[in-house]
>>> print(open('data_19.cif').read())   # mmCIF, C-alpha atoms
data_query
loop_
_atom_site.label_atom_id
_atom_site.label_comp_id
_atom_site.auth_asym_id
_atom_site.auth_seq_id
_atom_site.Cartn_x
_atom_site.Cartn_y
_atom_site.Cartn_z
CA MET C 1328 112.20 138.13 40.15
CA ASP C 1329 114.54 140.98 39.21
CA ASP C 1330 112.96 143.25 41.82
CA GLU C 1331 113.46 140.80 44.67
CA ASP C 1332 116.07 141.53 47.30
CA PRO C 1333 119.28 139.44 46.82
CA PHE C 1334 119.49 138.97 50.61
CA ILE C 1335 116.03 137.31 50.68
CA LEU C 1336 116.98 135.01 47.78
CA GLN C 1337 120.15 133.96 49.57
CA HIS C 1338 118.16 133.20 52.75
CA PHE C 1339 115.67 130.94 50.92
CA ASN C 1340 118.46 129.15 49.05
CA GLU C 1341 120.27 128.31 52.30
CA LYS C 1342 117.02 127.08 53.83
CA ALA C 1343 116.35 124.82 50.85
CA LYS C 1344 119.85 123.39 51.05
CA SER C 1345 119.43 122.61 54.75
CA LYS C 1346 116.18 120.76 54.04
CA LYS C 1347 117.86 118.64 51.39
CA SER C 1348 120.79 117.75 53.62
CA GLN C 1349 118.66 116.94 56.70
CA PRO C 1350 117.28 113.53 55.50
CA THR C 1351 120.83 112.35 54.84
CA THR C 1352 121.85 113.24 58.40
CA ASN C 1353 118.84 111.45 59.85
CA LYS C 1354 119.59 108.44 57.69
CA VAL C 1355 123.15 108.27 58.99
CA GLY C 1356 121.92 108.65 62.55
CA ASN C 1357 119.37 105.87 62.06
CA GLU C 1358 122.02 103.59 60.62
CA GLU C 1359 124.26 104.22 63.63
CA GLN C 1360 121.41 103.42 66.03
CA LEU C 1361 120.50 100.29 64.10
CA GLY C 1362 124.11 99.10 64.41
CA ALA C 1363 124.15 99.66 68.18
CA PHE C 1364 123.02 96.86 70.48
CA VAL C 1365 120.45 98.19 72.94
CA VAL C 1366 118.56 96.04 75.44
CA ASP C 1367 114.86 96.63 75.94
CA PRO C 1368 114.17 96.89 79.71
CA ALA C 1369 110.80 95.21 79.12
CA GLY C 1370 112.20 92.48 76.88
CA ASP C 1371 112.96 88.83 77.54
CA LEU C 1372 116.75 89.25 77.45
CA PHE C 1373 116.78 91.76 80.29
CA PHE C 1374 114.26 89.64 82.21
CA PHE C 1375 116.51 86.58 81.81
CA THR C 1376 119.63 88.42 82.98
CA GLN C 1377 117.78 89.76 86.01
CA GLY C 1378 116.74 86.20 86.81
CA LEU C 1379 120.41 85.19 86.83
CA VAL C 1380 121.23 88.17 89.03
CA THR C 1381 118.48 87.09 91.43
CA LEU C 1382 119.95 83.59 91.68
CA ALA C 1383 123.40 85.04 92.34
CA MET C 1384 121.91 87.37 94.93
CA LEU C 1385 120.16 84.48 96.70
CA TYR C 1386 123.46 82.59 96.78
CA ASN C 1387 125.23 85.54 98.39
CA LEU C 1388 122.39 86.05 100.88
CA VAL C 1389 122.71 82.43 102.00
CA SER C 1390 126.47 81.93 101.81
CA CYS C 1391 127.85 85.19 103.25
CA ILE C 1392 126.43 84.88 106.74
CA LEU C 1393 126.88 81.10 106.70
CA ARG C 1394 130.61 81.41 105.98
CA MET C 1395 131.02 84.14 108.59
CA THR C 1396 129.53 82.08 111.41
CA PHE C 1397 130.00 78.40 110.51
CA VAL C 1398 133.72 78.56 109.73
CA GLU C 1399 133.98 74.82 109.14
CA PHE C 1400 131.59 75.14 106.19
CA GLU C 1401 134.12 77.26 104.29
CA ASP C 1402 137.05 75.06 105.30
CA SER C 1403 135.38 71.89 104.02
CA ASN C 1404 133.98 73.31 100.77
CA LYS C 1405 136.75 75.53 99.40
CA PHE C 1406 136.51 74.51 95.76
CA LEU C 1407 132.70 74.69 95.70
CA ILE C 1408 132.68 78.12 97.34
CA PHE C 1409 135.38 79.42 95.00
CA SER C 1410 133.48 78.17 91.94
CA LEU C 1411 130.16 79.66 93.03
CA ASP C 1412 131.84 82.94 93.98
CA VAL C 1413 133.39 83.23 90.53
CA LEU C 1414 130.06 82.36 88.87
CA SER C 1415 128.06 84.90 90.90
CA ASP C 1416 130.69 87.61 90.39
CA SER C 1417 130.67 86.91 86.64
CA ILE C 1418 126.88 87.31 86.57
CA TYR C 1419 127.18 90.62 88.43
CA LEU C 1420 129.82 91.82 85.99
CA LEU C 1421 127.73 90.77 82.98
CA ASP C 1422 124.72 92.64 84.36
CA PHE C 1423 126.90 95.70 85.03
CA PHE C 1424 127.92 95.92 81.36
CA ILE C 1425 124.44 95.11 80.06
CA ARG C 1426 123.00 98.04 82.00
CA PHE C 1427 125.21 100.39 79.99
CA ARG C 1428 123.25 99.23 76.94
CA THR C 1429 119.81 99.01 78.53
CA GLY C 1430 117.47 101.66 77.21
CA TYR C 1431 115.06 103.69 79.28
CA LEU C 1432 111.72 105.35 78.64
CA ASP C 1433 111.54 109.10 78.15
CA ASP C 1434 107.94 110.30 77.88
CA GLY C 1435 106.93 106.78 76.84
CA ILE C 1436 109.61 106.56 74.11
CA LEU C 1437 112.48 104.08 74.37
CA VAL C 1438 115.82 105.91 74.30
CA THR C 1439 118.42 104.02 72.24
CA ASP C 1440 121.20 106.62 72.16
CA LEU C 1441 124.14 104.95 73.91
CA SER C 1442 125.59 108.20 75.20
CA LYS C 1443 122.27 109.18 76.76
CA ILE C 1444 121.83 105.68 78.19
CA LYS C 1445 125.28 105.79 79.78
CA LYS C 1446 124.71 109.27 81.22
CA ASN C 1447 121.30 108.32 82.60
CA TYR C 1448 122.57 105.09 84.19
CA MET C 1449 125.58 106.72 85.83
CA SER C 1450 123.35 109.42 87.32
CA THR C 1451 121.19 106.86 89.19
CA PHE C 1452 121.78 105.37 92.63
CA SER C 1453 121.59 101.92 91.04
CA PHE C 1454 124.93 102.57 89.34
CA THR C 1455 126.58 103.16 92.72
CA LEU C 1456 125.14 99.95 94.13
CA ASP C 1457 126.15 97.95 91.05
CA LEU C 1458 129.67 99.36 91.19
CA ILE C 1459 130.01 98.39 94.85
CA ALA C 1460 128.80 94.87 94.03
CA VAL C 1461 131.29 94.25 91.19
CA LEU C 1462 134.41 95.64 92.86
CA PRO C 1463 136.91 92.79 93.59
CA VAL C 1464 137.23 93.79 97.23
CA CYS C 1465 137.58 90.25 98.59
CA PHE C 1466 140.35 89.24 96.20
CA THR C 1467 142.20 92.54 96.68
CA TYR C 1468 141.97 92.33 100.46
CA GLY C 1469 143.15 88.71 100.49
CA LEU C 1470 146.05 89.45 98.15
CA VAL C 1471 147.23 92.54 100.05
CA THR C 1472 146.87 90.81 103.42
CA GLU C 1473 148.89 87.79 102.37
CA LEU C 1474 151.56 89.95 100.73
CA CYS C 1475 151.96 91.93 103.93
CA LYS C 1476 151.90 88.81 106.08
CA HIS C 1477 154.52 87.00 104.00
CA SER C 1478 156.71 89.95 103.10
CA THR C 1479 159.57 88.41 105.06
CA TYR C 1480 159.08 85.14 103.21
CA TYR C 1481 159.42 86.80 99.80
CA LEU C 1482 162.60 88.55 100.92
CA LEU C 1483 164.29 85.47 102.43
CA THR C 1484 163.17 82.70 100.09
CA SER C 1485 166.27 82.78 97.90
CA GLN C 1486 168.59 82.58 100.93
CA THR C 1487 166.88 80.18 103.31
CA GLY C 1488 165.02 77.90 100.91
CA ALA C 1489 161.77 78.37 102.80
CA VAL C 1490 158.73 76.33 101.95
CA SER C 1491 156.14 77.53 99.48
CA PRO C 1492 152.99 79.32 100.63
CA SER C 1493 150.52 77.07 102.42
CA SER C 1494 147.09 76.13 101.17
CA SER C 1495 145.56 78.58 103.65
CA THR C 1496 147.43 81.38 101.90
CA ILE C 1497 146.00 80.41 98.53
CA LYS C 1498 142.56 80.07 100.09
CA ASN C 1499 142.75 83.55 101.62
CA ILE C 1500 143.73 85.05 98.28
CA LEU C 1501 141.19 83.27 96.09
CA ILE C 1502 138.24 83.21 98.51
CA GLY C 1503 139.08 86.21 100.64
CA GLU C 1504 137.41 87.48 103.78
CA PRO C 1505 133.75 86.36 103.83
CA THR C 1506 132.73 89.51 105.71
CA LEU C 1507 133.67 91.63 102.70
CA ARG C 1508 131.30 89.66 100.51
CA LEU C 1509 128.48 91.44 102.29
CA LEU C 1510 129.12 94.19 99.73
CA LYS C 1511 127.63 91.82 97.15
CA LEU C 1512 124.28 92.30 98.87
CA ALA C 1513 124.10 95.77 97.30
CA LYS C 1514 122.27 94.07 94.40
CA PHE C 1515 119.30 93.35 96.66
CA TYR C 1516 117.27 96.00 94.85
CA ALA C 1517 117.62 94.07 91.58
CA MET C 1518 116.16 90.95 93.17
CA ARG C 1519 113.15 92.88 94.47
CA LYS C 1520 112.53 94.43 91.06
CA PHE C 1521 112.76 91.01 89.43
CA PHE C 1522 110.15 89.60 91.80
CA ASP C 1523 107.84 92.54 90.98
CA VAL C 1524 108.27 92.06 87.22
CA PHE C 1525 107.85 88.30 87.50
CA GLY C 1526 104.66 88.86 89.48
CA SER C 1527 103.28 91.10 86.73
CA ARG C 1528 104.12 88.50 84.07
CA THR C 1529 102.52 85.55 85.82
CA ASN C 1530 98.82 84.73 85.76
CA SER C 1531 98.69 84.53 89.58
CA PRO C 1532 100.38 87.63 91.02
CA GLY C 1533 98.92 87.00 94.46
CA VAL C 1534 100.51 83.55 94.63
CA MET C 1535 103.81 85.04 93.45
CA ARG C 1536 103.74 87.66 96.19
CA ALA C 1537 103.07 84.98 98.78
CA LEU C 1538 105.94 82.89 97.40
CA CYS C 1539 108.29 85.87 97.62
CA LEU C 1540 107.32 86.43 101.23
CA VAL C 1541 108.02 82.78 102.00
CA ILE C 1542 111.48 83.20 100.46
CA TYR C 1543 112.07 86.28 102.61
CA LEU C 1544 110.87 84.32 105.64
CA LEU C 1545 113.27 81.45 105.01
CA LEU C 1546 116.13 83.90 104.47
CA SER C 1547 115.27 85.65 107.73
CA ILE C 1548 115.24 82.35 109.63
CA HIS C 1549 118.59 81.46 108.03
CA TRP C 1550 120.19 84.74 109.12
CA VAL C 1551 118.77 84.52 112.64
CA ALA C 1552 120.07 80.95 112.94
CA CYS C 1553 123.56 82.01 111.89
CA VAL C 1554 123.54 85.03 114.23
CA TYR C 1555 122.43 82.76 117.09
CA TYR C 1556 125.35 80.43 116.43
CA TRP C 1557 127.76 83.39 116.29
CA VAL C 1558 126.48 84.80 119.59
CA SER C 1559 126.83 81.35 121.15
CA SER C 1560 130.40 81.14 119.87
CA TYR C 1561 131.12 84.62 121.26
CA HIS C 1562 129.83 83.74 124.73
CA GLY C 1563 131.10 80.19 124.66
CA PHE C 1564 129.20 77.03 123.74
CA GLY C 1565 127.34 75.49 126.65
CA VAL C 1566 128.03 78.26 129.18
CA ASP C 1567 124.30 78.62 129.87
CA GLU C 1568 120.98 77.22 128.69
CA TRP C 1569 120.38 79.96 126.10
CA VAL C 1570 123.48 79.42 123.97
CA PHE C 1571 124.21 76.54 121.64
CA PRO C 1572 125.26 73.42 123.61
CA LEU C 1573 128.81 72.13 123.56
CA PHE C 1574 129.31 68.70 121.98
CA GLU C 1575 132.36 66.52 122.21
CA GLU C 1576 134.48 65.75 119.18
CA GLY C 1577 133.06 62.76 117.33
CA ASP C 1578 129.53 63.32 118.60
CA PRO C 1579 127.00 63.06 115.74
CA ASN C 1580 125.43 66.32 116.97
CA ASN C 1581 128.77 68.06 116.40
CA GLN C 1582 128.50 67.63 112.63
CA LEU C 1583 127.95 70.74 110.55
CA HIS C 1584 124.51 69.89 109.20
CA ARG C 1585 123.24 68.85 112.67
CA LYS C 1586 124.45 72.10 114.22
CA TYR C 1587 122.86 74.16 111.46
CA ILE C 1588 119.54 72.32 111.76
CA ARG C 1589 119.48 72.91 115.52
CA CYS C 1590 120.14 76.63 115.00
CA PHE C 1591 117.54 76.80 112.23
CA TYR C 1592 115.03 75.11 114.55
CA TRP C 1593 115.80 77.62 117.31
CA ALA C 1594 115.35 80.54 114.90
CA PHE C 1595 112.11 79.09 113.55
CA LEU C 1596 110.62 78.69 117.03
CA THR C 1597 111.72 82.17 118.05
CA LEU C 1598 110.44 83.93 114.91
CA THR C 1599 107.11 82.13 114.99
CA THR C 1600 106.87 82.44 118.82
CA ILE C 1601 105.69 78.83 118.89
CA GLY C 1602 107.99 77.43 121.52
CA GLY C 1603 110.34 80.21 122.49
CA PRO C 1604 113.96 79.88 123.59
CA GLU C 1605 115.39 79.59 127.06
CA HIS C 1606 115.52 82.80 129.05
CA PRO C 1607 118.54 84.90 128.04
CA ASP C 1608 121.16 85.88 130.63
CA THR C 1609 123.39 88.56 129.08
CA THR C 1610 122.54 91.92 127.52
CA LEU C 1611 123.48 90.75 124.05
CA GLN C 1612 121.26 87.70 124.42
CA TYR C 1613 118.32 89.89 125.44
CA ILE C 1614 118.90 92.19 122.46
CA ILE C 1615 119.11 89.31 119.98
CA THR C 1616 115.97 87.70 121.41
CA CYS C 1617 113.93 90.93 121.32
CA ILE C 1618 115.01 91.74 117.75
CA THR C 1619 114.12 88.20 116.69
CA PHE C 1620 110.66 88.41 118.27
CA LEU C 1621 110.03 91.81 116.67
CA LEU C 1622 111.20 90.59 113.27
CA GLY C 1623 108.99 87.53 113.54
CA ILE C 1624 105.91 89.66 114.26
CA PHE C 1625 106.39 91.77 111.14
CA ILE C 1626 107.32 88.88 108.86
CA PHE C 1627 104.43 86.64 109.79
CA ALA C 1628 101.97 89.52 109.71
CA ALA C 1629 103.09 90.21 106.13
CA VAL C 1630 103.01 86.52 105.18
CA VAL C 1631 99.55 85.89 106.65
CA GLY C 1632 98.17 89.09 105.10
CA ASN C 1633 99.49 88.35 101.61
CA VAL C 1634 98.45 84.70 101.73
CA GLY C 1635 94.96 85.83 102.71
CA ASP C 1636 94.90 88.34 99.85
CA ALA C 1637 96.04 85.65 97.42
CA ILE C 1638 93.31 83.24 98.53
CA THR C 1639 90.71 86.01 98.41
CA SER C 1640 91.72 87.06 94.89
CA MET C 1641 91.65 83.44 93.72
CA ASN C 1642 88.06 82.98 94.97
CA GLU C 1643 86.80 86.47 94.18
CA SER C 1644 85.63 85.65 90.65
CA LYS C 1645 84.00 82.42 91.79
CA THR C 1646 82.18 84.22 94.62
CA THR C 1647 80.91 86.94 92.28
CA TYR C 1648 79.69 84.32 89.79
CA GLN C 1649 77.96 82.34 92.53
CA LYS C 1650 76.13 85.43 93.82
CA ARG C 1651 74.98 86.32 90.31
CA ALA C 1652 73.81 82.77 89.61
CA ASP C 1653 71.87 82.62 92.90
CA ALA C 1654 70.21 85.97 92.14
CA ILE C 1655 69.16 84.77 88.67
CA LYS C 1656 67.71 81.55 90.11
CA LEU C 1657 65.72 83.46 92.75
CA TYR C 1658 64.45 85.84 90.07
CA MET C 1659 63.24 82.94 87.86
CA GLN C 1660 61.56 81.20 90.79
CA HIS C 1661 59.85 84.43 91.87
CA HIS C 1662 58.41 85.02 88.40
CA GLY C 1663 57.39 81.39 87.86
CA VAL C 1664 59.73 80.60 84.98
CA PRO C 1665 59.23 77.00 83.74
CA ASP C 1666 61.61 74.40 85.10
CA VAL C 1667 62.86 73.47 81.63
CA LEU C 1668 63.89 77.05 80.95
CA GLN C 1669 65.46 77.33 84.42
CA ARG C 1670 67.64 74.28 83.71
CA LYS C 1671 68.71 75.75 80.36
CA VAL C 1672 69.66 79.03 82.03
CA ALA C 1673 71.61 77.15 84.72
CA LYS C 1674 73.51 75.18 82.03
CA TRP C 1675 74.29 78.40 80.17
CA LEU C 1676 75.60 80.03 83.36
CA GLU C 1677 77.81 77.02 83.97
CA TYR C 1678 79.08 77.11 80.38
CA SER C 1679 79.75 80.85 80.65
CA TRP C 1680 81.80 80.33 83.83
CA VAL C 1681 83.89 77.54 82.31
CA ARG C 1682 84.56 79.61 79.19
CA THR C 1683 85.35 83.02 80.73
CA GLN C 1684 85.93 82.29 84.47
CA GLY C 1685 83.69 85.23 85.29
CA ALA C 1686 85.58 87.79 83.20
CA ASP C 1687 83.50 90.62 81.74
CA GLU C 1688 84.36 90.58 78.04
CA GLN C 1689 82.90 94.04 77.45
CA ASP C 1690 85.10 95.57 80.17
CA LEU C 1691 88.14 93.80 78.74
CA MET C 1692 87.43 95.10 75.25
CA ASP C 1693 86.96 98.64 76.61
CA ALA C 1694 90.31 98.38 78.39
CA LEU C 1695 91.98 97.23 75.18
#
>>> encode(input="data_19.cif", output="structure tokens")
Amino acid sequence: MDDEDPFILQHFNEKAKSKKSQPTTNKVGNEEQLGAFVVDPAGDLFFFTQGLVTLAMLYNLVSCILRMTFVEFEDSNKFLIFSLDVLSDSIYLLDFFIRFRTGYLDDGILVTDLSKIKKNYMSTFSFTLDLIAVLPVCFTYGLVTELCKHSTYYLLTSQTGAVSPSSSTIKNILIGEPTLRLLKLAKFYAMRKFFDVFGSRTNSPGVMRALCLVIYLLLSIHWVACVYYWVSSYHGFGVDEWVFPLFEEGDPNNQLHRKYIRCFYWAFLTLTTIGGPEHPDTTLQYIITCITFLLGIFIFAAVVGNVGDAITSMNESKTTYQKRADAIKLYMQHHGVPDVLQRKVAKWLEYSWVRTQGADEQDLMDAL
């Protein structure tokens, strides 16, 4: 030991000290990570929050275009619309904060470091879409517009004793411009991802895909119906046979639900090309009709194709079992197997189908 170089001894002593101090550092780091709340992207909590986001997204998909075109709907349901707007915006805001604590997979390992999670989330395009969806654009626009509109009122109130702001002013501030709520549709990607995850969790993914397509179909019909009513309002109700007819005040057909049903019926006929509308007259009417026909072709091709795939996948196992059972019966008849043994084999095949539904247990075990 006396002949050893002092520099080498110092190097090994520092290395030993670093090894002893390293477990303490890791322990502190583990304790900090255990104290942090991190959401598993494959867990039930994240799945539940995405379900709420999907419901809020469906509400915005239905209500935005409806409020833009059927103005009387917003005028007659102010409190309901305000309540649902606040609820959907709160769900968006909750999801926005949860995503800052939602881990992600890096080479198959769940990252739980909050700083890395935040940096990764803010670098994605999803962050931009989520930020657009949670910005209070409607409230800000309504507040600024009313302040500018009533600037004279706020300056002269103390001198003239003017009346207080009307209910329409409060409505414009709290509810805002419905066109600006189209920004809430930026969360559409979250709804699509939720449908994909829900399809992977269910036992019938084909049925789930068909159900999603039906939802998209109904939403498309809803939007086309609202656009048709808006175009009719732009041209003038009853000016020709293509637009929505003009009804007198007090006519039962002039009620909101009757008008919406008539527009929905028109959109359904046009998208499905079952009956077809009256011949359009103006350029805008031709454009709307052609786009509707084209959209209907794609939607129903997708719906029919996925429904066919779902039915095929549901009967695939049964068809395979039936072919195998028929082949076994032909084999036994060809080789003269006794009838008693044939009946026992048939009962065993039936029992095997009821128990496993045609699943190959050996393949399943190999996959596991």
>>> residues_around(input="data_19.cif", residues="Leu1421 of chain C", least_positions_apart="6", cutoff="12 Å", atoms="all atoms listed in the file", output="number ranges by chain")
C: 1373, 1376-1377, 1379-1380, 1383, 1414-1415, 1427-1428, 1457, 1460-1461
>>> atom_distance(input="data_19.cif", atom1="atom CA of Arg1528 of chain C", atom2="atom CA of Leu1540 of chain C")
17.6 Å
>>> atom_distance(input="data_19.cif", atom1="atom CA of Thr1609 of chain C", atom2="atom CA of Trp1593 of chain C")
17.8 Å
>>> closest_residue(input="data_19.cif", among="C:Val1366, C:Val1398, C:Lys1446, C:Lys1520", to="Gly1378 of chain C", atoms="all atoms listed in the file")
C:Lys1520
>>> closest_residue(input="data_19.cif", among="C:Ser1527, C:Gln1612, C:Ser1453, C:Thr1646", to="Tyr1556 of chain C", atoms="all atoms listed in the file")
C:Gln1612
>>> residues_near_point(input="data_19.cif", point="(125.3, 86.4, 133.9)", cutoff="10 Å", atoms="all atoms listed in the file", output="list in words")
Val1566, Asp1567, Pro1607, Asp1608, Thr1609 and Thr1610 of chain C
>>> write_last_selection(input="data_19.cif", atoms="C-alpha atoms", output="JSON list (two decimals), in the frame of the given file")
[["chain", "number", "residue", "atom", "x", "y", "z"],
["C", 1566, "VAL", "CA", 128.03, 78.26, 129.18],
["C", 1567, "ASP", "CA", 124.30, 78.62, 129.87],
["C", 1607, "PRO", "CA", 118.54, 84.90, 128.04],
["C", 1608, "ASP", "CA", 121.16, 85.88, 130.63],
["C", 1609, "THR", "CA", 123.39, 88.56, 129.08],
["C", 1610, "THR", "CA", 122.54, 91.92, 127.52]]
>>> atom_distance(input="data_19.cif", atom1="atom CA of Ile1615 of chain C", atom2="atom CA of Leu1385 of chain C")
23.8 Å
>>> resolve_selection(input="data_19.cif", expression="the PyMOL selection byres ((chain C and resi 1522) around 12)", output="JSON list (two decimals) with C-alpha atoms, in the frame of the given file")
[["chain", "number", "residue", "atom", "x", "y", "z"],
["C", 1374, "PHE", "CA", 114.26, 89.64, 82.21],
["C", 1377, "GLN", "CA", 117.78, 89.76, 86.01],
["C", 1378, "GLY", "CA", 116.74, 86.20, 86.81],
["C", 1380, "VAL", "CA", 121.23, 88.17, 89.03],
["C", 1381, "THR", "CA", 118.48, 87.09, 91.43],
["C", 1382, "LEU", "CA", 119.95, 83.59, 91.68],
["C", 1515, "PHE", "CA", 119.30, 93.35, 96.66],
["C", 1516, "TYR", "CA", 117.27, 96.00, 94.85],
["C", 1517, "ALA", "CA", 117.62, 94.07, 91.58],
["C", 1518, "MET", "CA", 116.16, 90.95, 93.17],
["C", 1519, "ARG", "CA", 113.15, 92.88, 94.47],
["C", 1520, "LYS", "CA", 112.53, 94.43, 91.06],
["C", 1521, "PHE", "CA", 112.76, 91.01, 89.43],
["C", 1523, "ASP", "CA", 107.84, 92.54, 90.98],
["C", 1524, "VAL", "CA", 108.27, 92.06, 87.22],
["C", 1525, "PHE", "CA", 107.85, 88.30, 87.50],
["C", 1526, "GLY", "CA", 104.66, 88.86, 89.48],
["C", 1527, "SER", "CA", 103.28, 91.10, 86.73],
["C", 1528, "ARG", "CA", 104.12, 88.50, 84.07],
["C", 1529, "THR", "CA", 102.52, 85.55, 85.82],
["C", 1532, "PRO", "CA", 100.38, 87.63, 91.02],
["C", 1533, "GLY", "CA", 98.92, 87.00, 94.46],
["C", 1534, "VAL", "CA", 100.51, 83.55, 94.63],
["C", 1535, "MET", "CA", 103.81, 85.04, 93.45],
["C", 1536, "ARG", "CA", 103.74, 87.66, 96.19],
["C", 1537, "ALA", "CA", 103.07, 84.98, 98.78],
["C", 1538, "LEU", "CA", 105.94, 82.89, 97.40],
["C", 1539, "CYS", "CA", 108.29, 85.87, 97.62],
["C", 1540, "LEU", "CA", 107.32, 86.43, 101.23],
["C", 1542, "ILE", "CA", 111.48, 83.20, 100.46],
["C", 1543, "TYR", "CA", 112.07, 86.28, 102.61]]
>>> residues_around(input="data_19.cif", residues="Leu1676 of chain C", least_positions_apart="5", cutoff="10 Å", atoms="all atoms listed in the file", output="list in words")
Tyr1648, Gln1649, Arg1651, Ala1652, Ile1655, Arg1670, Lys1671, Val1681, Arg1682 and Gly1685 of chain C
>>> write_last_selection(input="data_19.cif", atoms="C-alpha atoms", output="PDB file, in the frame of the given file")
ATOM      1  CA  TYR C1648      79.690  84.320  89.790  1.00  0.00           C
ATOM      2  CA  GLN C1649      77.960  82.340  92.530  1.00  0.00           C
ATOM      3  CA  ARG C1651      74.980  86.320  90.310  1.00  0.00           C
ATOM      4  CA  ALA C1652      73.810  82.770  89.610  1.00  0.00           C
ATOM      5  CA  ILE C1655      69.160  84.770  88.670  1.00  0.00           C
ATOM      6  CA  ARG C1670      67.640  74.280  83.710  1.00  0.00           C
ATOM      7  CA  LYS C1671      68.710  75.750  80.360  1.00  0.00           C
ATOM      8  CA  VAL C1681      83.890  77.540  82.310  1.00  0.00           C
ATOM      9  CA  ARG C1682      84.560  79.610  79.190  1.00  0.00           C
ATOM     10  CA  GLY C1685      83.690  85.230  85.290  1.00  0.00           C
TER      11      GLY C1685
END
>>> closest_residue(input="data_19.cif", among="C:Asp1433, C:Ala1673, C:Ser1531, C:Leu1668", to="Ala1654 of chain C", atoms="all atoms listed in the file")
C:Ala1673
>>> closest_residue(input="data_19.cif", among="C:Leu1573, C:Asp1578, C:Thr1599, C:Leu1393", to="Ser1560 of chain C", atoms="all atoms listed in the file")
C:Leu1573
>>> residues_around(input="data_19.cif", residues="Leu1621 of chain C", least_positions_apart="6", cutoff="12 Å", atoms="all atoms listed in the file", output="PyMOL selection string")
chain C and resi 1597-1600+1614-1615+1627-1628
>>> residues_near_point(input="data_19.cif", point="(110.3, 103.4, 74.6)", cutoff="12 Å", atoms="all atoms listed in the file", output="ChimeraX atom specification")
/C:1365-1370,1429-1440
>>> closest_residue(input="data_19.cif", among="C:Phe1571, C:Tyr1658, C:Lys1645, C:Arg1589", to="Glu1677 of chain C", atoms="all atoms listed in the file")
C:Lys1645
>>> residues_around(input="data_19.cif", residues="Gln1582 of chain C", least_positions_apart="5", cutoff="12 Å", atoms="all atoms listed in the file", output="PyMOL selection string")
chain C and resi 1397+1399-1400+1403+1573-1577+1587-1589
>>> residues_around(input="data_19.cif", residues="Val1551 of chain C", least_positions_apart="5", cutoff="8 Å", atoms="all atoms listed in the file", output="list in words")
Phe1591, Ala1594 and Thr1619 of chain C
